[in-house]
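One file, entry02.tsv, is given below (TSV, C-alpha atoms).
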```
chain	number	residue	atom	x	y	z
O	1	MET	CA	16.73	-31.28	10.53
O	2	GLU	CA	16.52	-27.84	8.97
O	3	GLU	CA	14.48	-25.35	10.99
O	4	ARG	CA	11.32	-24.14	9.34
O	5	MET	CA	11.35	-20.46	8.32
O	6	VAL	CA	8.40	-18.14	7.77
O	7	LYS	CA	8.13	-14.77	6.08
O	8	VAL	CA	6.70	-11.83	8.04
O	9	LYS	CA	5.76	-8.81	5.94
O	10	ILE	CA	5.73	-5.46	7.74
O	11	VAL	CA	4.04	-2.81	5.64
O	12	SER	CA	4.59	0.90	5.85
O	13	ALA	CA	3.46	3.89	3.88
O	14	ARG	CA	6.28	3.51	1.35
O	15	GLY	CA	6.37	-0.22	0.89
O	16	HIS	CA	7.18	-3.17	3.02
O	17	ASP	CA	9.97	-5.13	4.66
O	18	VAL	CA	9.98	-8.91	4.63
O	19	LEU	CA	11.63	-10.72	7.53
O	20	ASP	CA	12.69	-14.35	7.20
O	21	LEU	CA	12.36	-15.77	10.69
O	22	THR	CA	12.19	-19.08	12.46
O	23	VAL	CA	8.72	-19.89	13.71
O	24	ASP	CA	9.72	-19.13	17.29
O	25	ASP	CA	11.25	-15.79	16.34
O	26	ALA	CA	8.26	-14.95	14.14
O	27	LEU	CA	5.86	-15.62	17.00
O	28	SER	CA	7.89	-13.40	19.34
O	29	GLU	CA	8.18	-10.63	16.73
O	30	ILE	CA	4.46	-10.69	15.94
O	31	LYS	CA	3.54	-10.45	19.62
O	32	ARG	CA	6.07	-7.68	20.19
O	33	GLN	CA	4.84	-5.66	17.22
O	34	ALA	CA	1.21	-6.06	18.30
O	35	ARG	CA	1.97	-5.12	21.90
O	36	ASP	CA	4.58	-2.36	21.48
O	37	ASN	CA	3.64	-0.87	18.12
O	38	SER	CA	-0.12	-1.57	18.07
O	39	LYS	CA	0.09	-3.33	14.71
O	40	TRP	CA	-2.79	-5.09	13.01
O	41	ILE	CA	-1.83	-8.73	12.43
O	42	PHE	CA	-3.15	-10.52	9.33
O	43	MET	CA	-2.57	-14.22	8.89
O	44	ASP	CA	-3.73	-15.72	5.60
O	45	ASP	CA	-5.63	-12.45	5.04
O	46	GLU	CA	-7.61	-12.84	8.27
O	47	LEU	CA	-7.24	-10.30	11.08
O	48	VAL	CA	-5.95	-11.87	14.30
O	49	SER	CA	-7.95	-10.26	17.09
O	50	ASP	CA	-6.55	-12.23	20.03
O	51	ILE	CA	-2.78	-12.12	19.85
O	52	ASP	CA	-2.41	-14.21	23.00
O	53	SER	CA	-4.17	-17.07	21.22
O	54	LEU	CA	-1.48	-17.26	18.53
O	55	THR	CA	0.41	-20.53	18.65
O	56	HIS	CA	3.67	-21.84	17.26
O	57	GLU	CA	1.66	-24.22	15.07
O	58	ARG	CA	-0.59	-21.52	13.62
O	59	VAL	CA	2.36	-19.28	12.75
O	60	GLY	CA	4.23	-22.21	11.24
O	61	ASN	CA	1.28	-23.19	9.05
O	62	ALA	CA	0.40	-19.69	7.82
O	63	ASN	CA	0.89	-19.00	4.13
O	64	SER	CA	1.08	-15.25	4.63
O	65	ILE	CA	1.71	-13.04	7.66
O	66	MET	CA	1.34	-9.28	7.37
O	67	LEU	CA	1.66	-6.54	9.98
O	68	SER	CA	0.36	-3.02	9.42
O	69	ASN	CA	-0.20	0.10	11.47
O	70	GLN	CA	-3.52	0.64	13.18
O	71	LEU	CA	-4.75	4.05	12.13
O	72	VAL	CA	-6.70	5.50	15.04
O	73	GLY	CA	-7.33	8.98	16.33
O	74	GLY	CA	-9.93	11.26	17.74
W	1	MET	CA	15.30	14.42	4.81
W	2	SER	CA	12.48	16.76	5.72
W	3	TYR	CA	9.06	16.06	4.38
W	4	ASN	CA	7.03	19.18	4.66
W	5	ARG	CA	5.29	19.95	1.41
W	6	ILE	CA	2.09	18.61	-0.05
W	7	GLU	CA	0.64	18.99	-3.51
W	8	LEU	CA	-3.08	18.50	-3.60
W	9	PRO	CA	-4.83	18.77	-6.99
W	10	PRO	CA	-8.24	20.49	-6.93
W	11	ALA	CA	-10.09	17.32	-8.00
W	12	ILE	CA	-8.71	15.41	-4.99
W	13	TRP	CA	-9.49	18.36	-2.73
W	14	ARG	CA	-13.10	18.13	-3.85
W	15	ASP	CA	-13.16	14.36	-3.23
W	16	ILE	CA	-11.91	14.92	0.31
W	17	MET	CA	-14.38	17.72	1.05
W	18	ARG	CA	-17.25	15.70	-0.39
W	19	HIS	CA	-16.38	12.84	1.95
W	20	ALA	CA	-15.85	15.17	4.92
W	21	LEU	CA	-19.33	16.59	4.48
W	22	SER	CA	-20.99	13.22	3.74
W	23	ASP	CA	-21.78	12.74	7.43
W	24	GLU	CA	-21.21	15.65	9.78
W	25	THR	CA	-22.30	13.71	12.87
W	26	VAL	CA	-19.33	11.31	12.94
W	27	GLU	CA	-15.64	11.37	12.19
W	28	VAL	CA	-15.05	10.10	8.66
W	29	CYS	CA	-11.62	9.05	7.44
W	30	GLY	CA	-9.56	7.88	4.50
W	31	LEU	CA	-6.12	7.46	2.99
W	32	LEU	CA	-4.28	9.58	0.45
W	33	THR	CA	-2.07	7.80	-2.03
W	34	GLY	CA	0.53	9.23	-4.36
W	35	ALA	CA	4.28	9.60	-4.50
W	36	PHE	CA	7.14	11.52	-2.94
W	37	ARG	CA	9.22	13.84	-5.07
W	38	LEU	CA	12.53	15.50	-4.20
W	39	ASP	CA	12.66	19.28	-4.54
W	40	GLY	CA	15.31	21.89	-3.80
W	41	LYS	CA	19.07	21.72	-3.50
W	42	GLY	CA	21.64	21.30	-0.72
W	43	SER	CA	20.30	22.08	2.72
W	44	GLU	CA	17.02	23.18	1.16
W	45	ARG	CA	16.42	19.70	-0.26
W	46	HIS	CA	13.10	18.30	0.87
W	47	GLU	CA	10.42	15.84	-0.11
W	48	VAL	CA	7.08	16.82	-1.54
W	49	ALA	CA	4.13	14.50	-1.12
W	50	VAL	CA	2.18	14.55	-4.36
W	51	ILE	CA	-1.36	13.33	-3.76
W	52	LYS	CA	-2.95	11.36	-6.59
W	53	GLU	CA	-5.97	9.67	-5.04
W	54	PHE	CA	-8.23	9.86	-1.99
W	55	ILE	CA	-9.65	6.57	-0.75
W	56	PRO	CA	-12.42	6.73	1.87
W	57	ILE	CA	-12.09	4.12	4.64
W	58	THR	CA	-14.89	3.10	7.01
W	59	ASN	CA	-14.59	4.34	10.58
W	60	ILE	CA	-15.20	1.28	12.77
W	61	PHE	CA	-14.74	2.96	16.16
W	62	PRO	CA	-17.68	2.14	18.46
W	63	ASP	CA	-18.17	5.85	19.24
W	64	PRO	CA	-17.44	7.41	15.84
W	65	ALA	CA	-18.60	10.88	16.85
W	66	ILE	CA	-15.38	11.51	18.75
W	67	PHE	CA	-12.88	8.88	17.61
W	68	PHE	CA	-11.93	7.02	14.47
W	69	LYS	CA	-10.35	3.68	13.74
W	70	MET	CA	-9.85	2.71	10.11
W	71	ASP	CA	-11.35	-0.58	9.03
W	72	PRO	CA	-8.33	-2.94	8.99
W	73	TYR	CA	-9.48	-4.88	5.93
W	74	GLU	CA	-10.12	-1.76	3.83
W	75	GLN	CA	-6.79	-0.38	5.03
W	76	LYS	CA	-5.06	-3.63	4.04
W	77	VAL	CA	-6.50	-3.43	0.51
W	78	VAL	CA	-4.84	-0.04	0.09
W	79	PHE	CA	-1.49	-1.12	1.55
W	80	ASP	CA	-1.53	-4.25	-0.64
W	81	ARG	CA	-1.63	-1.94	-3.69
W	82	ILE	CA	1.73	-0.32	-2.80
W	83	GLY	CA	4.20	-1.40	-5.44
W	84	VAL	CA	1.39	-2.61	-7.70
W	85	ASP	CA	-0.62	0.38	-8.91
W	86	ILE	CA	0.27	2.95	-6.27
W	87	LYS	CA	3.69	4.10	-5.10
W	88	ALA	CA	2.98	5.14	-1.52
W	89	VAL	CA	0.43	6.16	1.05
W	90	VAL	CA	1.30	9.81	1.60
W	91	GLY	CA	-1.45	10.95	3.91
W	92	CYS	CA	-4.10	10.00	6.40
W	93	PHE	CA	-7.33	12.01	6.60
W	94	HIS	CA	-10.07	12.32	9.20
W	95	THR	CA	-12.60	14.86	10.39
W	96	HIS	CA	-13.41	16.64	13.62
W	97	PRO	CA	-17.05	17.43	12.82
W	98	PHE	CA	-17.54	19.49	15.98
W	99	GLY	CA	-14.06	20.98	16.34
W	100	LEU	CA	-11.09	22.45	14.52
W	101	GLY	CA	-8.66	20.65	12.25
W	102	ILE	CA	-5.94	20.38	14.84
W	103	PRO	CA	-4.63	17.07	16.25
W	104	SER	CA	-6.32	15.72	19.37
W	105	GLU	CA	-4.32	14.07	22.13
W	106	LEU	CA	-4.93	10.66	20.55
W	107	ASP	CA	-3.98	12.00	17.11
W	108	ARG	CA	-0.69	13.25	18.55
W	109	LEU	CA	0.10	9.79	19.84
W	110	SER	CA	-0.77	8.16	16.50
W	111	ILE	CA	0.85	10.58	14.06
W	112	ASN	CA	4.17	9.21	12.86
W	113	GLU	CA	6.76	10.24	10.31
W	114	ASP	CA	5.38	8.03	7.56
W	115	TYR	CA	2.92	10.56	6.25
W	116	SER	CA	1.11	13.77	7.03
W	117	TRP	CA	-2.25	13.87	8.68
W	118	LEU	CA	-4.96	15.99	7.11
W	119	ILE	CA	-7.74	16.98	9.49
W	120	TYR	CA	-10.99	18.69	8.56
W	121	GLY	CA	-12.58	20.89	11.23
W	122	GLY	CA	-16.34	21.31	11.02
W	123	GLN	CA	-16.15	24.39	13.23
W	124	ASP	CA	-14.36	26.50	10.62
W	125	ASN	CA	-14.92	24.30	7.55
W	126	LYS	CA	-11.18	24.06	6.83
W	127	ILE	CA	-8.59	21.34	6.37
W	128	GLN	CA	-5.21	21.53	8.04
W	129	ALA	CA	-2.21	19.31	7.37
W	130	TRP	CA	0.11	18.16	10.14
W	131	TRP	CA	3.41	16.35	10.22
W	132	PRO	CA	5.67	15.53	13.11
W	133	GLU	CA	9.29	16.37	13.65
W	134	ILE	CA	10.75	13.64	15.79
W	135	LYS	CA	14.06	14.25	17.51
W	136	GLU	CA	16.03	12.10	19.88
W	137	ARG	CA	18.24	13.49	22.62
W	138	PRO	CA	20.14	11.95	25.53
W	139	CYS	CA	18.51	11.86	28.91
W	140	ASP	CA	19.19	14.87	31.11
W	141	SER	CA	16.72	14.49	33.90
W	142	CYS	CA	15.06	11.08	33.92
W	143	CYS	CA	17.27	9.72	36.69
W	144	SER	CA	19.79	10.77	39.30
W	145	GLN	CA	22.85	10.02	37.12
W	146	PRO	CA	22.12	11.51	33.71
W	147	GLU	CA	25.80	11.38	32.66
W	148	GLU	CA	25.71	7.57	32.84
W	149	CYS	CA	22.14	7.12	31.68
W	150	LYS	CA	21.57	5.26	28.43
W	151	GLU	CA	17.97	6.39	28.05
W	152	VAL	CA	17.04	8.39	24.98
W	153	ILE	CA	14.29	10.97	25.14
W	154	ILE	CA	12.11	11.14	22.05
W	155	GLU	CA	10.61	14.52	21.41
W	156	LYS	CA	7.70	14.81	19.03
W	157	ARG	CA	6.75	18.26	17.84
W	158	PHE	CA	4.11	19.15	15.32
W	159	ARG	CA	4.03	21.54	12.44
W	160	GLY	CA	0.79	22.36	10.74
W	161	ALA	CA	-0.47	24.38	7.84
W	162	LEU	CA	-3.79	25.43	6.49
W	163	LEU	CA	-4.48	23.50	3.35
W	164	LYS	CA	-5.11	25.39	0.17
W	165	GLU	CA	-6.33	23.66	-2.91
W	166	LYS	CA	-3.14	23.17	-4.83
W	167	ARG	CA	-0.14	23.38	-2.58
W	168	ILE	CA	0.73	24.06	1.01
W	169	GLU	CA	4.00	24.94	2.66
```

Translate this structure into structure tokens?
Amino acid sequence: MEERMVKVKIVSARGHDVLDLTVDDALSEIKRQARDNSKWIFMDDELVSDIDSLTHERVGNANSIMLSNQLVGG
Amino acid sequence: MSYNRIELPPAIWRDIMRHALSDETVEVCGLLTGAFRLDGKGSERHEVAVIKEFIPITNIFPDPAIFFKMDPYEQKVVFDRIGVDIKAVVGCFHTHPFGLGIPSELDRLSINEDYSWLIYGGQDNKIQAWWPEIKERPCDSCCSQPEECKEVIIEKRFRGALLKEKRIE
């Protein structure tokens, strides 16, 4: 059976990159980006506040996944 | 490619200042959209960030007098417009209502090469623009065997300039 793929959009100031990933790889990449690069994670236009709660099923069923930089300072 | 010029039309300058002074008790923030243009020749070739629009974004930080965090949904609306009716986000703006327009420690961690940071200082009523120069070099002292070490040291330095209405260098 063909493995399900999902698109992960990573936005930057000049546009965006779209990654085509398996659900497992997408889940790993989303968690890595949130942890290492402090990205905001939007799934189906909703902000995901608890990254640890993300599941394989939720990622696989999402229609859109977008990662963007958190803009914070002091 | 170095990116170290900004063009700021007077009308946008006024929009930014109006927002900066809208609440002088908290840090206010926003995004600057526009486009990048190539100027110069040969080794002098560089990018100019041409600012076309200032978009205020709500500061959602719990203690907004000393920190800011841009509202993620408002930020997303702006980033969703890239490639539709805007070309790029070229700057990030916030205020230091009780200080100068120089990057704080947290600002220095957050500033990246994507765009310049414009900071208004309430102490001297001026805006300064900042952009980082990020360089990588091999390790020379992080371990006992630097000649075999694969670590890369990332150095982040900052250049800043006082913002005048039309153009800074």

Write out as a tab-separated table the residues of chain W that have any atom within 10 Å of an atom of chain O, one row each with the nearest atom pair and its distance in Å to one decimal, counting only C-alpha atoms, sorted by chain and then rising number.
```
residue	atom	partner	partner_atom	distance
W:Glu27	CA	O:Gly74	CA	8.0
W:Cys29	CA	O:Leu71	CA	9.7
W:Gly30	CA	O:Leu71	CA	9.8
W:Leu31	CA	O:Leu71	CA	9.9
W:Thr33	CA	O:Ala13	CA	9.0
W:Gly34	CA	O:Arg14	CA	9.9
W:Ala35	CA	O:Arg14	CA	8.7
W:Phe36	CA	O:Arg14	CA	9.1
W:Asn59	CA	O:Val72	CA	9.1
W:Ile60	CA	O:Val72	CA	9.8
W:Phe61	CA	O:Val72	CA	8.5
W:Asp63	CA	O:Gly74	CA	10.0
W:Pro64	CA	O:Gly74	CA	8.7
W:Ala65	CA	O:Gly74	CA	8.7
W:Ile66	CA	O:Gly74	CA	5.5
W:Phe67	CA	O:Gly74	CA	3.8
W:Phe68	CA	O:Gly73	CA	5.3
W:Lys69	CA	O:Val72	CA	4.3
W:Met70	CA	O:Leu71	CA	5.6
W:Asp71	CA	O:Leu71	CA	8.6
W:Pro72	CA	O:Trp40	CA	7.2
W:Tyr73	CA	O:Leu47	CA	7.8
W:Gln75	CA	O:Leu71	CA	8.6
W:Lys76	CA	O:Ser68	CA	7.7
W:Val78	CA	O:Ala13	CA	9.9
W:Phe79	CA	O:Val11	CA	7.1
W:Asp80	CA	O:Val11	CA	8.5
W:Arg81	CA	O:Gly15	CA	9.4
W:Ile82	CA	O:Gly15	CA	5.9
W:Gly83	CA	O:Gly15	CA	6.8
W:Ile86	CA	O:Arg14	CA	9.7
W:Lys87	CA	O:Arg14	CA	7.0
W:Ala88	CA	O:Arg14	CA	4.7
W:Val89	CA	O:Ala13	CA	4.7
W:Val90	CA	O:Ala13	CA	6.7
W:Gly91	CA	O:Ala13	CA	8.6
W:Cys92	CA	O:Leu71	CA	8.3
W:His94	CA	O:Gly73	CA	8.3
W:Thr95	CA	O:Gly74	CA	8.6
W:His96	CA	O:Gly74	CA	7.6
W:Pro103	CA	O:Gly74	CA	8.0
W:Ser104	CA	O:Gly74	CA	6.0
W:Glu105	CA	O:Gly74	CA	7.7
W:Leu106	CA	O:Gly73	CA	5.1
W:Asp107	CA	O:Gly73	CA	4.6
W:Arg108	CA	O:Gly73	CA	8.2
W:Leu109	CA	O:Gly73	CA	8.3
W:Ser110	CA	O:Gly73	CA	6.6
W:Ile111	CA	O:Gly73	CA	8.6
W:Glu113	CA	O:Ala13	CA	9.6
W:Asp114	CA	O:Ala13	CA	5.9
W:Tyr115	CA	O:Ala13	CA	7.1
```

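Going from atom CA of O:Ile30 to atom CA of W:Pro138 covers 29.2 Å.
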
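The two atoms in question, atom CA of W:Met17 and atom CA of W:Val50, are spaced 17.7 Å apart.
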
Legend entry - Point-to-point distance in Å for atom CA of O:Lys31 and atom CA of O:Asp50: 10.3 Å

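Minimum atom-to-atom distance to O:Ile65, evaluated using all atoms listed in the file, belongs to O:Val8 out of O:Asp24, O:Asp36, O:Val8, O:Val18.
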